[in-house]
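See structure below.
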Amino acid sequence: MTPSLTHPQLRDGVEARAYQLIAAKQAISGSTLLVMPTGLGKTAVQWMAMAESLDGPGKIVLVAPTTGLVAQQARMAREFINLDSDKIVTLTGQDRPAKRETIWKDAKMVMATPHVIRNDARNGRILLSDIDLLIVDEAHHATGSDSMAQLGDMYLEASSKAHILAATASPGVKSSKVLEVIQRLGIERLHVTKREDDLVQPYITSMDIEKHELNIPDELLSKIRPLRILEAEEAEFLMRSGFLVKSGRVTTAAIEEAHRRASAAIGRGDARGYDAAKRIGDLRRLHRLLDLLDTQGLTCAIKYLERAKIEKDRKTKRFLSLTPVADLLREDRESDECHPKPELVKKLVKQGLSGDGKVIIFTEYRDTVDNLMEILNSQPGIKPGRFVGQTTKGSQIGMKQKDQIAQLDRFREGEINVLVATSVGEEGLDVPAADSVILYEPVPSAIRAIQRRGRTARQKDGDVHILVAKGTRDEYVQQASLRREQLMYRTLQGLQKQSRLPRRAQPKNDVLASFTIDGKDAESFIKKEEERLFREKEHVSENVVKQAKTNNVKNSEPSNRPRAQMSLTEFSNNTSDSKSEWWKPVLDGTISHSREKENDTSSAAQTEVDSMSIEADSKTLITIDHREGNSTLPAMLKLYGHEISLENLTVGDIRISDRILIERKSARDLIDSLIDGRLIQQARRLHNAAPRPLLIVESIETQRVHPNAVHGAMAWITLDLGLPVLMTGSPEETARFVSIVAKRESRFLDLLMIHTKRKMIDAEKASIKAASAEIMSIMNGESEDGVLANRWDKEVMFQRTKILAELPGIGITTANRIMEIAGDIMGLCTISEQALTDIEGVSSIQAKELYKFLHG
């Protein structure tokens, strides 16, 4: 039976989830930035914060970037918040200002776009100090001059007790952007919920992400080729002129930099800048046209040129007169679409609609929206709907706010089953039945990629299809999107570890006192859920460890290691009662190379391994290359109690720390890399990438190549290159070894830090003691100077000499001789030109120049 959440201000039907209650606990305690993956219920946390604030005298205001999202939030609030529906209102730009003022006065809960609240506050129609709780949905917009950020500034200034709940699935990649959101909204607490969290696992829906790589047909390539040649010629001219940066390919960033250089040249009177500016304008339009042909198709590119032809701009006419451009427009205006993406979209839409499903298609361009609408309208059983922004430009008509809301309602009710949307549909669409999302092209922004994928698998399983045209901008954008998404989570983790937020006490235990779950208090429910889910995880972990042991027993016979050599499992299971102090020789610098010392160190290391339990509570972070994400290694390391971060590692597969980097090779991968020549190169790069590199080989296959080839490669890697190689019998054995290494490294670094800090404190105490003794000795008349005083005098003299040596024609030797005669700065200023000439090594010209420098 699903547990139900109860609160005096909440209606029945809200499911109780422990991770949402923990987030609400933070949100109620102070201004909070809530980062939670799409589909896990950020809105439910907002309802809890609203319910707790309803008893206050002020208003509750929720702002969202789009009118569609505002209407959706108002509809759900009326459904779940125990408040008269006329007290929950929406404010939009379509309402007259005088009417908005009246609506504001009579309302308890207001849903609006941020620019409406900002403008009304500026014009004095509303008072921001009336707000008890401000909820900012899709809070990543709160940067720069965005109205959401400006509203945050105004609210913090207007109210001394400002309380903000900012919610987003993707706050940004760079720490500076995230910190700006935090600063503009007065955030005190950062709460991050991840899909990997134990409390979240029962509610995770499956999201299959499939990348479709498409080859551009020869017919389209033949149309693109003349334009590509023209682009190369223009780029080559601009490179020779020094305006365009030389790189592997022409990018938008390179074109913008060339435009900046041309503007600078015009500003300083360089006539070449005018011709360069014209060519850069042509190159920018040509680059856009090629991107459309590569990633969108012929139809979209022709529509772009036809719109440009209508414009009366002289620069545009110059571009259209270029021979390859004019030929494309003249010869292919009536040609059929030959790009493979539209046909694949038809196929994927039909698959997604099976079983009364719904599909959302995202694209960057309205021309593509119109093209797909035309294609899908001709297919039986497909009822497509257009969803674009409000802006109208030329023949491209936008959708008004009420039209957007009505379209969403039609999609929700099933009147249309395919929504073809631009970026306006990326945020906040609550479409539970969206079984499939098709990304017509990848997007480079981590925020937008997460928002697009989050439109499916919100309450049930779904799939995402990403269309990538090979050899085009799509490939670079897809790679950039993956890197930025990984960096976003690393940024959040870094901000939490670095304590970049104001220090605030933990929420009190009675914060959730008004909430009950099936008659029990919220704290008890959270504790019970944590225990239940932890037991399930522990049970799975024990089964995996038992299976690993079984596999090791089975695989022990055919292993390639000598009989007398223990396996990793046998090695780590040998217990010893003695405690390890293997690290002391390392810290004290007293390592001996005698055989006895080596034996002692080996024994200490054995004891250290034995003392590490697989079920230890301390979580160490292990970074694994994202290409290993589909293997069993990350899952097994999680079960051994480690935090896993999937990143794009340029070298190696597993990074334990800055010291330890591991390359993992299965039997098949080892032979493949040996055959194609990658093994030697990878070994060299691994050897140079870290102080403690290691190659792990999971058994050796000798069926496809001669055994001598494998053994020869291993001999070269170990003996000639000096790279350690470890043989393991299975992935389970590899995971157990990596786990032990990670825990050992973590403990070593902790002890090293403690020891270093202790030595620094001791050195500081000794310095203070010596200085105090010397000062007392001078004060008591026991001595006129001391070691520290003499060292200070020497340092002062050295700095003076160093300054003098930097003068033209004066080196350090000559400067020392001059200072020996002068004694100090006063002596240097009073010395005569003749006395300078008499100093050994100082010529009359040097003396004259130095005297002139000192006296003017």
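Starting from 1 in every chain, residues are counted up; chains themselves are A, B, ... following the order of the structure tokens, and ligands are numbered from 1 as listed.
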Any idea what's packed within 9 Å of A:Gly144, counting only C-alpha atoms, ignoring anything in its chain fewer than 5 positions away? Could you give it as an NGL selection string? :A and (149-150 or 180)
With C-alpha atoms kept, could you save the residues just selected as a short mmCIF file (atom, residue, chain, number, x, y, z; two decimals), in the first residue's frame?
```
data_model
loop_
_atom_site.label_atom_id
_atom_site.label_comp_id
_atom_site.auth_asym_id
_atom_site.auth_seq_id
_atom_site.Cartn_x
_atom_site.Cartn_y
_atom_site.Cartn_z
CA ALA A 149 17.38 37.31 -11.12
CA GLN A 150 16.17 40.91 -10.92
CA GLU A 180 25.45 33.62 -9.14
#
```
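Coordinates place atom CA of A:Phe525 at a distance of 18.5 Å from atom CA of A:Glu52.
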Could you pull the residues within 12 Å of A:Ile255, counting only C-alpha atoms, minus those fewer than 2 positions along the same chain, as a PyMOL selection string? chain A and resi 231+234-235+238-239+243-247+249-253+257-262+276-277+279-288
Long-range neighbours of A:Ala835 as a CSV table (one decimal) with N, CA, C and O atoms, in the first residue's frame, 12 Å cut-off, only C-alpha atoms, 5 positions minimum in chain:
```
chain,number,residue,atom,x,y,z
A,818,ILE,N,78.8,47.4,-4.6
A,818,ILE,CA,78.3,48.7,-4.3
A,818,ILE,C,77.7,48.8,-2.9
A,818,ILE,O,78.0,49.7,-2.1
A,821,ILE,N,80.1,48.9,0.1
A,821,ILE,CA,80.7,50.3,0.3
A,821,ILE,C,79.6,51.2,0.9
A,821,ILE,O,79.8,51.9,1.9
A,822,ALA,N,78.4,51.1,0.3
A,822,ALA,CA,77.3,52.1,0.7
A,822,ALA,C,76.7,51.7,2.1
A,822,ALA,O,76.4,52.5,2.9
A,827,GLY,N,73.3,55.4,2.7
A,827,GLY,CA,74.6,55.5,2.2
A,827,GLY,C,74.7,55.5,0.7
A,827,GLY,O,75.5,56.1,0.0
A,828,LEU,N,73.8,54.7,0.0
A,828,LEU,CA,73.7,54.6,-1.4
A,828,LEU,C,73.3,56.0,-2.0
A,828,LEU,O,73.8,56.4,-3.0
A,829,CYS,N,72.4,56.7,-1.3
A,829,CYS,CA,71.9,58.0,-1.8
A,829,CYS,C,72.9,59.1,-1.6
A,829,CYS,O,72.9,60.1,-2.3
A,830,THR,N,73.8,58.9,-0.6
A,830,THR,CA,74.8,60.0,-0.3
A,830,THR,C,76.2,59.8,-1.0
A,830,THR,O,77.0,60.7,-1.0
A,840,GLU,N,85.5,48.6,-7.5
A,840,GLU,CA,85.9,47.6,-8.5
A,840,GLU,C,84.8,47.1,-9.3
A,840,GLU,O,83.7,46.7,-8.8
A,842,VAL,N,82.9,48.8,-11.5
A,842,VAL,CA,82.0,49.9,-11.9
A,842,VAL,C,82.7,50.9,-12.8
A,842,VAL,O,83.7,51.5,-12.4
A,843,SER,N,82.3,50.9,-14.1
A,843,SER,CA,82.9,51.8,-15.0
A,843,SER,C,82.4,53.3,-14.8
A,843,SER,O,81.4,53.5,-14.1
A,844,SER,N,83.1,54.2,-15.4
A,844,SER,CA,82.7,55.6,-15.2
A,844,SER,C,81.3,55.9,-15.8
A,844,SER,O,80.5,56.6,-15.3
A,847,ALA,N,78.8,54.4,-13.3
A,847,ALA,CA,78.7,55.3,-12.2
A,847,ALA,C,77.9,56.5,-12.5
A,847,ALA,O,77.1,57.0,-11.7
A,848,LYS,N,78.1,57.1,-13.7
A,848,LYS,CA,77.4,58.3,-14.1
A,848,LYS,C,75.9,58.0,-14.2
A,848,LYS,O,75.0,58.8,-13.7
A,850,LEU,N,74.2,55.5,-12.8
A,850,LEU,CA,73.6,55.2,-11.5
A,850,LEU,C,73.4,56.4,-10.6
A,850,LEU,O,72.4,56.6,-10.0
A,851,TYR,N,74.4,57.4,-10.7
A,851,TYR,CA,74.3,58.6,-9.9
A,851,TYR,C,73.1,59.5,-10.5
A,851,TYR,O,72.4,60.1,-9.7
```
Please extract the residues of stretch 120-359 of chain A with a backbone DSSP assignment of helix (DSSP H, G or I) and present them as JSON, numbers by chain. {"A": [120, 121, 122, 128, 129, 130, 139, 140, 141, 147, 148, 149, 150, 151, 152, 153, 154, 155, 156, 157, 158, 175, 176, 177, 178, 179, 180, 181, 182, 183, 184, 198, 199, 200, 201, 202, 203, 218, 219, 220, 221, 222, 223, 224, 225, 226, 227, 228, 229, 230, 231, 232, 233, 234, 235, 236, 237, 238, 239, 240, 252, 253, 254, 255, 256, 257, 258, 259, 260, 261, 262, 263, 264, 265, 266, 267, 272, 273, 274, 275, 276, 277, 278, 279, 280, 281, 282, 283, 284, 285, 286, 287, 288, 289, 290, 291, 292, 293, 294, 295, 298, 299, 300, 301, 302, 303, 304, 305, 306, 307, 308, 309, 310, 314, 315, 316, 317, 318, 319, 320, 323, 324, 325, 326, 327, 328, 329, 330, 331, 340, 341, 342, 343, 344, 345, 346, 347, 348, 349, 350, 351, 352]}
May I have the residues within 8 Å of A:Met488 as an NGL selection string, using only C-alpha atoms and disregarding those fewer than 5 positions away in the same chain? :A and (170-174 or 446)
Can you write just those residues out, all heavy atoms, as a compact mmCIF listing (two decimals), in the first residue's frame?
```
# COMPACT_ATOMS: atom_id res chain seq x y z
N SER A 170 18.75 21.31 -13.24
CA SER A 170 20.06 21.55 -13.86
C SER A 170 20.49 22.98 -13.63
O SER A 170 20.18 23.86 -14.43
CB SER A 170 19.97 21.26 -15.36
OG SER A 170 18.73 21.75 -15.88
N PRO A 171 21.21 23.28 -12.53
CA PRO A 171 21.53 24.66 -12.19
C PRO A 171 22.62 25.29 -13.03
O PRO A 171 22.74 26.50 -13.06
CB PRO A 171 21.97 24.56 -10.72
CG PRO A 171 22.49 23.17 -10.59
CD PRO A 171 21.66 22.33 -11.51
N GLY A 172 23.44 24.49 -13.72
CA GLY A 172 24.51 25.05 -14.54
C GLY A 172 25.77 24.23 -14.45
O GLY A 172 25.92 23.37 -13.58
N VAL A 173 26.70 24.50 -15.37
CA VAL A 173 27.95 23.74 -15.45
C VAL A 173 29.06 24.41 -14.64
O VAL A 173 29.74 23.79 -13.85
CB VAL A 173 28.38 23.57 -16.92
CG1 VAL A 173 29.76 22.93 -17.01
CG2 VAL A 173 27.37 22.72 -17.67
N LYS A 174 29.23 25.71 -14.85
CA LYS A 174 30.31 26.43 -14.19
C LYS A 174 29.91 26.82 -12.77
O LYS A 174 28.79 27.23 -12.52
CB LYS A 174 30.68 27.67 -14.99
CG LYS A 174 31.23 27.36 -16.38
CD LYS A 174 31.62 28.64 -17.10
CE LYS A 174 32.19 28.34 -18.48
NZ LYS A 174 32.56 29.57 -19.20
N ALA A 446 24.30 21.55 -21.12
CA ALA A 446 23.93 20.48 -20.17
C ALA A 446 22.53 20.72 -19.63
O ALA A 446 21.75 19.78 -19.45
CB ALA A 446 24.94 20.45 -19.02
```
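Minimum atom-to-atom distances from A:Ile644, A:Leu807, A:Met819, A:Pro217 to A:Glu849 were compared using only C-alpha atoms, and the lowest value belongs to A:Leu807.
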Which residue, A:Leu214, A:Leu492, A:Leu719, A:Ile662, has the smallest gap to A:Pro691 when you use only C-alpha atoms? A:Ile662
Of the candidates A:Thr368, A:Thr299, A:Ser514, A:Ser730, which shows the shortest atom-to-atom distance to A:Ala49, using only C-alpha atoms? A:Ser514
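Residues in contact range of A:Asp132, defined as at most 6 Å between only C-alpha atoms, with sequence neighbours fewer than 6 positions away removed, read Gly58, Lys59 and Ile60 of chain A.
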